[in-house]
file coords-v4.cif (mmCIF, C-alpha atoms and all ligand atoms)
data_entry
loop_
_atom_site.group_PDB
_atom_site.id
_atom_site.type_symbol
_atom_site.label_atom_id
_atom_site.label_comp_id
_atom_site.auth_asym_id
_atom_site.auth_seq_id
_atom_site.Cartn_x
_atom_site.Cartn_y
_atom_site.Cartn_z
ATOM 1 C CA MET H 1 -57.608 21.500 8.130
ATOM 2 C CA GLU H 2 -61.002 21.397 9.853
ATOM 3 C CA LYS H 3 -62.796 18.117 9.125
ATOM 4 C CA ALA H 4 -66.288 17.953 7.639
ATOM 5 C CA SER H 5 -68.945 16.846 10.135
ATOM 6 C CA ILE H 6 -70.866 13.794 8.969
ATOM 7 C CA ALA H 7 -74.320 12.533 9.977
ATOM 8 C CA VAL H 8 -75.327 9.018 8.927
ATOM 9 C CA MET H 9 -79.048 8.272 8.599
ATOM 10 C CA VAL H 10 -80.082 4.640 9.064
ATOM 11 C CA SER H 11 -83.103 2.365 9.484
ATOM 12 C CA GLY H 12 -81.786 -1.169 9.844
ATOM 13 C CA SER H 13 -78.784 -3.371 10.462
ATOM 14 C CA GLY H 14 -76.222 -0.681 9.669
ATOM 15 C CA THR H 15 -73.526 -2.677 7.907
ATOM 16 C CA ASN H 16 -72.836 0.361 5.722
ATOM 17 C CA LEU H 17 -72.588 2.514 8.849
ATOM 18 C CA GLN H 18 -70.072 -0.050 10.162
ATOM 19 C CA ALA H 19 -68.069 0.234 6.935
ATOM 20 C CA LEU H 20 -67.956 4.024 7.443
ATOM 21 C CA ILE H 21 -66.894 3.666 11.101
ATOM 22 C CA ASP H 22 -64.150 1.186 10.106
ATOM 23 C CA ALA H 23 -62.996 3.435 7.243
ATOM 24 C CA GLN H 24 -62.686 6.334 9.657
ATOM 25 C CA ALA H 25 -60.602 4.177 12.024
ATOM 26 C CA SER H 26 -58.316 2.954 9.228
ATOM 27 C CA GLY H 27 -57.800 6.416 7.728
ATOM 28 C CA ILE H 28 -59.707 5.865 4.466
ATOM 29 C CA ILE H 29 -61.996 8.643 5.683
ATOM 30 C CA LYS H 30 -59.661 11.384 6.849
ATOM 31 C CA SER H 31 -61.391 14.585 5.749
ATOM 32 C CA GLY H 32 -64.573 13.962 7.731
ATOM 33 C CA GLU H 33 -65.735 12.748 11.107
ATOM 34 C CA ILE H 34 -68.986 10.912 11.909
ATOM 35 C CA LYS H 35 -70.597 13.119 14.544
ATOM 36 C CA LEU H 36 -74.160 11.830 14.592
ATOM 37 C CA VAL H 37 -76.300 8.820 13.645
ATOM 38 C CA ILE H 38 -80.016 9.412 13.096
ATOM 39 C CA SER H 39 -82.430 6.471 12.968
ATOM 40 C CA ASN H 40 -86.109 6.434 12.054
ATOM 41 C CA ASN H 41 -86.416 3.008 13.693
ATOM 42 C CA ALA H 42 -85.932 2.600 17.452
ATOM 43 C CA GLY H 43 -84.986 -1.085 17.042
ATOM 44 C CA ALA H 44 -82.302 -0.553 14.388
ATOM 45 C CA PHE H 45 -79.125 -2.515 15.144
ATOM 46 C CA ALA H 46 -77.270 0.401 13.545
ATOM 47 C CA LEU H 47 -77.902 2.327 16.790
ATOM 48 C CA GLU H 48 -75.937 -0.304 18.736
ATOM 49 C CA ARG H 49 -73.058 -0.007 16.276
ATOM 50 C CA ALA H 50 -73.024 3.786 16.718
ATOM 51 C CA LYS H 51 -73.075 3.557 20.528
ATOM 52 C CA LYS H 52 -70.249 1.005 20.498
ATOM 53 C CA ALA H 53 -68.178 3.431 18.410
ATOM 54 C CA GLY H 54 -68.981 6.289 20.808
ATOM 55 C CA ILE H 55 -71.051 8.216 18.265
ATOM 56 C CA LYS H 56 -73.994 10.356 19.375
ATOM 57 C CA THR H 57 -77.384 8.982 18.267
ATOM 58 C CA ALA H 58 -80.849 10.423 17.726
ATOM 59 C CA THR H 59 -84.009 8.397 17.117
ATOM 60 C CA ILE H 60 -86.675 10.351 15.241
ATOM 61 C CA LEU H 61 -89.877 8.433 14.533
ATOM 62 C CA LYS H 62 -92.374 9.472 11.881
ATOM 63 C CA LYS H 63 -95.287 8.304 14.058
ATOM 64 C CA ASP H 64 -94.435 10.988 16.639
ATOM 65 C CA PHE H 65 -95.263 13.728 14.109
ATOM 66 C CA THR H 66 -98.543 14.656 12.461
ATOM 67 C CA SER H 67 -96.981 15.284 9.039
ATOM 68 C CA GLN H 68 -93.948 14.424 6.905
ATOM 69 C CA GLU H 69 -93.089 18.130 7.042
ATOM 70 C CA ASP H 70 -92.903 18.176 10.855
ATOM 71 C CA PHE H 71 -90.907 14.920 10.864
ATOM 72 C CA GLU H 72 -88.395 16.405 8.417
ATOM 73 C CA ARG H 73 -88.306 19.735 10.279
ATOM 74 C CA LYS H 74 -87.167 17.845 13.391
ATOM 75 C CA ILE H 75 -84.455 16.043 11.401
ATOM 76 C CA ILE H 76 -83.242 19.342 9.904
ATOM 77 C CA LYS H 77 -83.156 20.955 13.378
ATOM 78 C CA THR H 78 -81.132 18.027 14.771
ATOM 79 C CA LEU H 79 -78.682 18.159 11.847
ATOM 80 C CA GLU H 80 -78.238 21.927 12.169
ATOM 81 C CA GLU H 81 -77.813 21.841 15.952
ATOM 82 C CA ASN H 82 -74.929 19.418 15.387
ATOM 83 C CA GLY H 83 -73.280 21.523 12.654
ATOM 84 C CA ILE H 84 -73.511 18.754 10.054
ATOM 85 C CA ASP H 85 -71.848 19.335 6.667
ATOM 86 C CA LEU H 86 -72.588 16.001 4.956
ATOM 87 C CA ILE H 87 -75.555 13.657 5.352
ATOM 88 C CA ILE H 88 -75.024 10.030 4.370
ATOM 89 C CA LEU H 89 -78.107 7.875 3.810
ATOM 90 C CA ALA H 90 -76.946 4.341 4.625
ATOM 91 C CA GLY H 91 -79.989 2.105 4.406
ATOM 92 C CA PHE H 92 -82.366 4.923 5.364
ATOM 93 C CA MET H 93 -85.722 3.528 4.245
ATOM 94 C CA SER H 94 -87.844 6.652 4.026
ATOM 95 C CA ILE H 95 -88.150 8.964 1.042
ATOM 96 C CA LEU H 96 -87.303 12.581 1.844
ATOM 97 C CA SER H 97 -89.309 15.439 0.318
ATOM 98 C CA GLU H 98 -88.035 18.025 -2.131
ATOM 99 C CA LYS H 99 -88.161 20.570 0.691
ATOM 100 C CA PHE H 100 -85.635 18.487 2.634
ATOM 101 C CA THR H 101 -83.357 17.587 -0.276
ATOM 102 C CA SER H 102 -83.201 21.146 -1.631
ATOM 103 C CA HIS H 103 -82.322 22.421 1.859
ATOM 104 C CA PHE H 104 -79.115 20.341 1.658
ATOM 105 C CA GLU H 105 -78.286 20.542 -2.050
ATOM 106 C CA LYS H 106 -75.186 18.446 -2.896
ATOM 107 C CA ARG H 107 -74.828 17.692 0.817
ATOM 108 C CA ILE H 108 -76.734 14.390 0.919
ATOM 109 C CA ILE H 109 -75.400 11.140 -0.542
ATOM 110 C CA ASN H 110 -77.042 7.704 -0.698
ATOM 111 C CA VAL H 111 -75.882 4.162 -1.363
ATOM 112 C CA HIS H 112 -78.160 2.085 -3.594
ATOM 113 C CA PRO H 113 -77.663 -1.666 -4.191
ATOM 114 C CA SER H 114 -77.797 -1.701 -8.024
ATOM 115 C CA LEU H 115 -76.184 -0.033 -11.000
ATOM 116 C CA ILE H 116 -78.457 3.017 -11.409
ATOM 117 C CA PRO H 117 -80.498 3.516 -13.657
ATOM 118 C CA SER H 118 -81.338 -0.209 -13.325
ATOM 119 C CA PHE H 119 -83.576 -1.404 -10.483
ATOM 120 C CA CYS H 120 -83.990 1.942 -8.753
ATOM 121 C CA GLY H 121 -86.620 4.536 -7.856
ATOM 122 C CA GLU H 122 -89.684 4.211 -5.661
ATOM 123 C CA GLY H 123 -90.331 0.673 -4.424
ATOM 124 C CA PHE H 124 -86.773 -0.522 -5.098
ATOM 125 C CA TYR H 125 -85.033 -0.925 -1.781
ATOM 126 C CA GLY H 126 -83.211 -3.636 0.158
ATOM 127 C CA LEU H 127 -83.818 -7.219 -0.980
ATOM 128 C CA ARG H 128 -86.457 -6.139 -3.530
ATOM 129 C CA VAL H 129 -83.665 -4.702 -5.683
ATOM 130 C CA HIS H 130 -81.798 -8.013 -5.811
ATOM 131 C CA LYS H 131 -85.008 -9.971 -6.378
ATOM 132 C CA ALA H 132 -85.761 -7.768 -9.418
ATOM 133 C CA ALA H 133 -82.216 -8.166 -10.752
ATOM 134 C CA LEU H 134 -82.444 -11.973 -10.493
ATOM 135 C CA GLU H 135 -85.919 -12.016 -12.106
ATOM 136 C CA LYS H 136 -84.567 -10.012 -15.046
ATOM 137 C CA GLY H 137 -81.640 -12.390 -15.352
ATOM 138 C CA VAL H 138 -78.886 -9.765 -15.445
ATOM 139 C CA LYS H 139 -75.382 -11.214 -15.301
ATOM 140 C CA VAL H 140 -73.831 -8.145 -13.712
ATOM 141 C CA THR H 141 -75.201 -5.888 -10.988
ATOM 142 C CA GLY H 142 -73.501 -3.676 -8.415
ATOM 143 C CA ALA H 143 -73.913 -0.609 -6.264
ATOM 144 C CA THR H 144 -74.119 3.145 -6.777
ATOM 145 C CA VAL H 145 -73.387 6.116 -4.560
ATOM 146 C CA HIS H 146 -75.160 9.262 -5.702
ATOM 147 C CA PHE H 147 -76.206 12.714 -4.563
ATOM 148 C CA VAL H 148 -79.783 12.857 -3.310
ATOM 149 C CA ASN H 149 -82.245 15.209 -4.970
ATOM 150 C CA GLU H 150 -86.038 15.279 -5.280
ATOM 151 C CA ILE H 151 -86.114 12.286 -7.657
ATOM 152 C CA PRO H 152 -85.745 8.946 -5.809
ATOM 153 C CA ASP H 153 -82.303 7.556 -6.813
ATOM 154 C CA GLY H 154 -82.156 10.288 -9.488
ATOM 155 C CA GLY H 155 -79.310 12.525 -8.301
ATOM 156 C CA GLU H 156 -75.852 12.820 -9.865
ATOM 157 C CA ILE H 157 -73.802 9.617 -9.671
ATOM 158 C CA ILE H 158 -70.598 9.795 -7.604
ATOM 159 C CA MET H 159 -69.274 6.202 -7.825
ATOM 160 C CA GLN H 160 -70.360 2.778 -9.080
ATOM 161 C CA LYS H 161 -68.929 -0.723 -8.800
ATOM 162 C CA CYS H 162 -69.912 -3.880 -10.682
ATOM 163 C CA VAL H 163 -70.547 -7.268 -9.071
ATOM 164 C CA ASP H 164 -71.075 -10.567 -10.929
ATOM 165 C CA VAL H 165 -74.328 -12.465 -10.569
ATOM 166 C CA MET H 166 -73.628 -16.196 -10.093
ATOM 167 C CA GLU H 167 -75.577 -19.317 -10.984
ATOM 168 C CA GLY H 168 -77.854 -20.272 -8.082
ATOM 169 C CA ASP H 169 -77.853 -16.843 -6.428
ATOM 170 C CA THR H 170 -80.762 -16.040 -4.097
ATOM 171 C CA PRO H 171 -81.653 -12.398 -3.312
ATOM 172 C CA GLU H 172 -79.971 -12.867 0.096
ATOM 173 C CA ILE H 173 -76.730 -14.284 -1.355
ATOM 174 C CA LEU H 174 -76.588 -11.573 -4.024
ATOM 175 C CA GLN H 175 -77.295 -8.831 -1.466
ATOM 176 C CA LYS H 176 -74.376 -9.994 0.671
ATOM 177 C CA ARG H 177 -71.994 -10.117 -2.328
ATOM 178 C CA VAL H 178 -73.056 -6.627 -3.490
ATOM 179 C CA MET H 179 -72.519 -5.255 0.010
ATOM 180 C CA CYS H 180 -69.116 -6.929 0.472
ATOM 181 C CA GLU H 181 -67.667 -6.265 -2.967
ATOM 182 C CA ALA H 182 -69.250 -2.905 -3.738
ATOM 183 C CA GLU H 183 -71.257 -0.964 -1.119
ATOM 184 C CA TRP H 184 -68.811 -1.214 1.792
ATOM 185 C CA LYS H 185 -66.019 -0.043 -0.543
ATOM 186 C CA ILE H 186 -67.548 2.758 -2.586
ATOM 187 C CA LEU H 187 -69.550 4.351 0.242
ATOM 188 C CA PRO H 188 -66.468 5.208 2.369
ATOM 189 C CA LEU H 189 -64.493 6.257 -0.736
ATOM 190 C CA SER H 190 -67.339 8.539 -1.847
ATOM 191 C CA ALA H 191 -67.703 9.965 1.659
ATOM 192 C CA GLU H 192 -63.993 10.852 1.696
ATOM 193 C CA LYS H 193 -64.204 12.369 -1.787
ATOM 194 C CA ILE H 194 -67.102 14.670 -0.845
ATOM 195 C CA CYS H 195 -65.717 15.535 2.619
ATOM 196 C CA LYS H 196 -62.401 16.534 1.013
ATOM 197 C CA LYS H 197 -64.276 18.845 -1.355
ATOM 198 C CA ILE H 198 -66.254 20.341 1.533
ATOM 199 C CA THR H 199 -63.130 21.009 3.614
ATOM 200 C CA GLU H 200 -61.426 22.670 0.656
ATOM 201 C CA GLU H 201 -64.431 24.989 0.309
ATOM 202 C CA LYS H 202 -64.581 25.797 4.048
HETATM 203 C C1 LIG S 301 -78.096 -1.713 1.758
HETATM 204 O O1 LIG S 301 -77.981 -2.754 0.840
HETATM 205 C C2 LIG S 301 -78.414 -0.412 1.052
HETATM 206 O O2 LIG S 301 -77.754 -0.266 -0.169
HETATM 207 C C3 LIG S 301 -79.887 -0.566 0.857
HETATM 208 O O3 LIG S 301 -80.352 -1.128 2.060
HETATM 209 C C4 LIG S 301 -79.323 -1.915 2.652
HETATM 210 C C5 LIG S 301 -79.090 -1.433 4.067
HETATM 211 O O4 LIG S 301 -78.227 -2.300 4.746
HETATM 212 N N1 LIG S 301 -80.505 0.704 0.569
HETATM 213 C C6 LIG S 301 -81.514 0.857 -0.273
HETATM 214 O O5 LIG S 301 -82.067 -0.068 -0.827
HETATM 215 C C7 LIG S 301 -81.966 2.286 -0.481
HETATM 216 N N2 LIG S 301 -82.774 2.400 -1.650
HETATM 217 P P1 LIG S 301 -77.416 -1.820 6.045
HETATM 218 O O6 LIG S 301 -78.437 -1.252 7.046
HETATM 219 O O7 LIG S 301 -76.798 -3.093 6.569
HETATM 220 O O8 LIG S 301 -76.391 -0.806 5.639
#
call {"tool": "encode", "arguments": {"input": "coords-v4.cif", "output": "structure tokens"}}
result
Amino acid sequence: MEKASIAVMVSGSGTNLQALIDAQASGIIKSGEIKLVISNNAGAFALERAKKAGIKTATILKKDFTSQEDFERKIIKTLEENGIDLIILAGFMSILSEKFTSHFEKRIINVHPSLIPSFCGEGFYGLRVHKAALEKGVKVTGATVHFVNEIPDGGEIIMQKCVDVMEGDTPEILQKRVMCEAEWKILPLSAEKICKKITEEK
């Protein structure tokens, strides 16, 4: 069966990208293949991870375009030129417009470091999410993989996993535990689930 072509969009260190690359190597992801990594940050370490794995990269910077629309048009063109079936946002720190998300309905997934609907939406990203969880005093947090639509972190939920909050946690310690115990597991599993569905529809 023809595999689904995956693009991963990143902005930072790319540990979730690494989890996807490793899952492809170990056979957890078998219905899809990572064909392209797009970064909106030229200094992202994720780009090094992609190059090391032999994956094609594209760096598309917002500052090189006069509008969000033009920036997104370039991303869409790059995705279409590479025949991408599934877009995975893995620490992509830029909100995409409705025009973009509706162009790829049910073809974009995102990993978020909390149990949605807690600690999500505009302004909740990266360490800020864990800081908010600790300030609230929740005893359990986790990660969510969901489809991306026009509402930030508002699309249909695909998978979630709980992680315990421990006495003495800092945002950094909690972030690492959530990544290790939840994100790096449910993102590859969700990617395989959606790729399998796409290949069955092809
Ligand atoms: C991850 O924790 C991811 O869930 C989060 O940013 C981090 C990226 O790390 N994403 C968001 O907060 C999106 N709202 P990574 O670059 O090492 O994968």
call {"tool": "resolve_selection", "arguments": {"input": "coords-v4.cif", "expression": "the PyMOL selection byres (((chain H and resi 191) around 9) and not hetatm)", "output": "list in words"}}
result
Ile6, Leu20, Ile29, Ser31, Gly32, Leu86, Ile88, Ile109, Ile186, Leu187, Pro188, Leu189, Ser190, Glu192, Lys193, Ile194, Cys195 and Lys196 of chain H
call {"tool": "closest_residue", "arguments": {"input": "coords-v4.cif", "among": "H:Gly12, H:Gly43, H:Gly27, H:Gly154", "to": "Gly121 of chain H", "atoms": "all atoms listed in the file"}}
result
H:Gly154
call {"tool": "closest_residue", "arguments": {"input": "coords-v4.cif", "among": "H:Leu79, H:Met159, H:Leu36, H:Ala19", "to": "ligand LIG 301 (chain S)", "atoms": "only C-alpha atoms and all ligand atoms"}}
result
H:Ala19
call {"tool": "residues_near_ligand", "arguments": {"input": "coords-v4.cif", "ligand": "ligand LIG 301 (chain S)", "cutoff": "7 Å", "atoms": "all atoms listed in the file", "output": "JSON, numbers by chain"}}
result
{"H": [10, 11, 12, 13, 14, 15, 16, 17, 46, 90, 91, 92, 93, 111, 112, 113, 124, 125, 126, 129, 175, 179, 183]}
call {"tool": "resolve_selection", "arguments": {"input": "coords-v4.cif", "expression": "the PyMOL selection byres (((chain H and resi 55) around 9) and not hetatm)", "output": "list in words"}}
result
Ile34, Lys35, Leu36, Val37, Arg49, Ala50, Lys51, Lys52, Ala53, Gly54, Lys56 and Thr57 of chain H
call {"tool": "atom_distance", "arguments": {"input": "coords-v4.cif", "atom1": "atom CA of His146 of chain H", "atom2": "atom CA of Lys197 of chain H"}}
result
15.1 Å
call {"tool": "atom_distance", "arguments": {"input": "coords-v4.cif", "atom1": "atom CA of Ala4 of chain H", "atom2": "atom CA of Asp70 of chain H"}}
result
26.8 Å
call {"tool": "closest_residue", "arguments": {"input": "coords-v4.cif", "among": "H:Ile84, H:Cys180, H:Ala58, H:Ala44", "to": "Lys3 of chain H", "atoms": "all atoms listed in the file"}}
result
H:Ile84
call {"tool": "resolve_selection", "arguments": {"input": "coords-v4.cif", "expression": "the PyMOL selection byres (((chain H and resi 137) around 12) and not hetatm)", "output": "PyMOL selection string"}}
result
chain H and resi 130-136+138-141+164-170
call {"tool": "atom_distance", "arguments": {"input": "coords-v4.cif", "atom1": "atom CA of Met1 of chain H", "atom2": "atom CA of Ile87 of chain H"}}
result
19.8 Å
call {"tool": "closest_residue", "arguments": {"input": "coords-v4.cif", "among": "H:Val145, H:Trp184, H:Ala7, H:Leu61", "to": "Ala23 of chain H", "atoms": "all atoms listed in the file"}}
result
H:Trp184
call {"tool": "residues_around", "arguments": {"input": "coords-v4.cif", "residues": "Glu156 of chain H", "least_positions_apart": "4", "cutoff": "12 Å", "atoms": "all atoms listed in the file", "output": "list in words"}}
result
Glu105, Lys106, Arg107, Ile108, Ile109, Asn110, Ile116, Pro117, Thr144, Val145, His146, Phe147, Val148, Asn149, Glu150, Ile151, Pro152 and Gln160 of chain H
call {"tool": "write_last_selection", "arguments": {"input": "coords-v4.cif", "atoms": "C-alpha atoms", "output": "PDB file, in the coordinates of the input"}}
result
ATOM      1  CA  GLU H 105     -78.286  20.542  -2.050  1.00  0.00           C
ATOM      2  CA  LYS H 106     -75.186  18.446  -2.896  1.00  0.00           C
ATOM      3  CA  ARG H 107     -74.828  17.692   0.817  1.00  0.00           C
ATOM      4  CA  ILE H 108     -76.734  14.390   0.919  1.00  0.00           C
ATOM      5  CA  ILE H 109     -75.400  11.140  -0.542  1.00  0.00           C
ATOM      6  CA  ASN H 110     -77.042   7.704  -0.698  1.00  0.00           C
ATOM      7  CA  ILE H 116     -78.457   3.017 -11.409  1.00  0.00           C
ATOM      8  CA  PRO H 117     -80.498   3.516 -13.657  1.00  0.00           C
ATOM      9  CA  THR H 144     -74.119   3.145  -6.777  1.00  0.00           C
ATOM     10  CA  VAL H 145     -73.387   6.116  -4.560  1.00  0.00           C
ATOM     11  CA  HIS H 146     -75.160   9.262  -5.702  1.00  0.00           C
ATOM     12  CA  PHE H 147     -76.206  12.714  -4.563  1.00  0.00           C
ATOM     13  CA  VAL H 148     -79.783  12.857  -3.310  1.00  0.00           C
ATOM     14  CA  ASN H 149     -82.245  15.209  -4.970  1.00  0.00           C
ATOM     15  CA  GLU H 150     -86.038  15.279  -5.280  1.00  0.00           C
ATOM     16  CA  ILE H 151     -86.114  12.286  -7.657  1.00  0.00           C
ATOM     17  CA  PRO H 152     -85.745   8.946  -5.809  1.00  0.00           C
ATOM     18  CA  GLN H 160     -70.360   2.778  -9.080  1.00  0.00           C
TER      19      GLN H 160
END
call {"tool": "closest_residue", "arguments": {"input": "coords-v4.cif", "among": "H:Ile28, H:Gln68, H:Ser39, H:Ile173", "to": "Glu98 of chain H", "atoms": "all atoms listed in the file"}}
result
H:Gln68
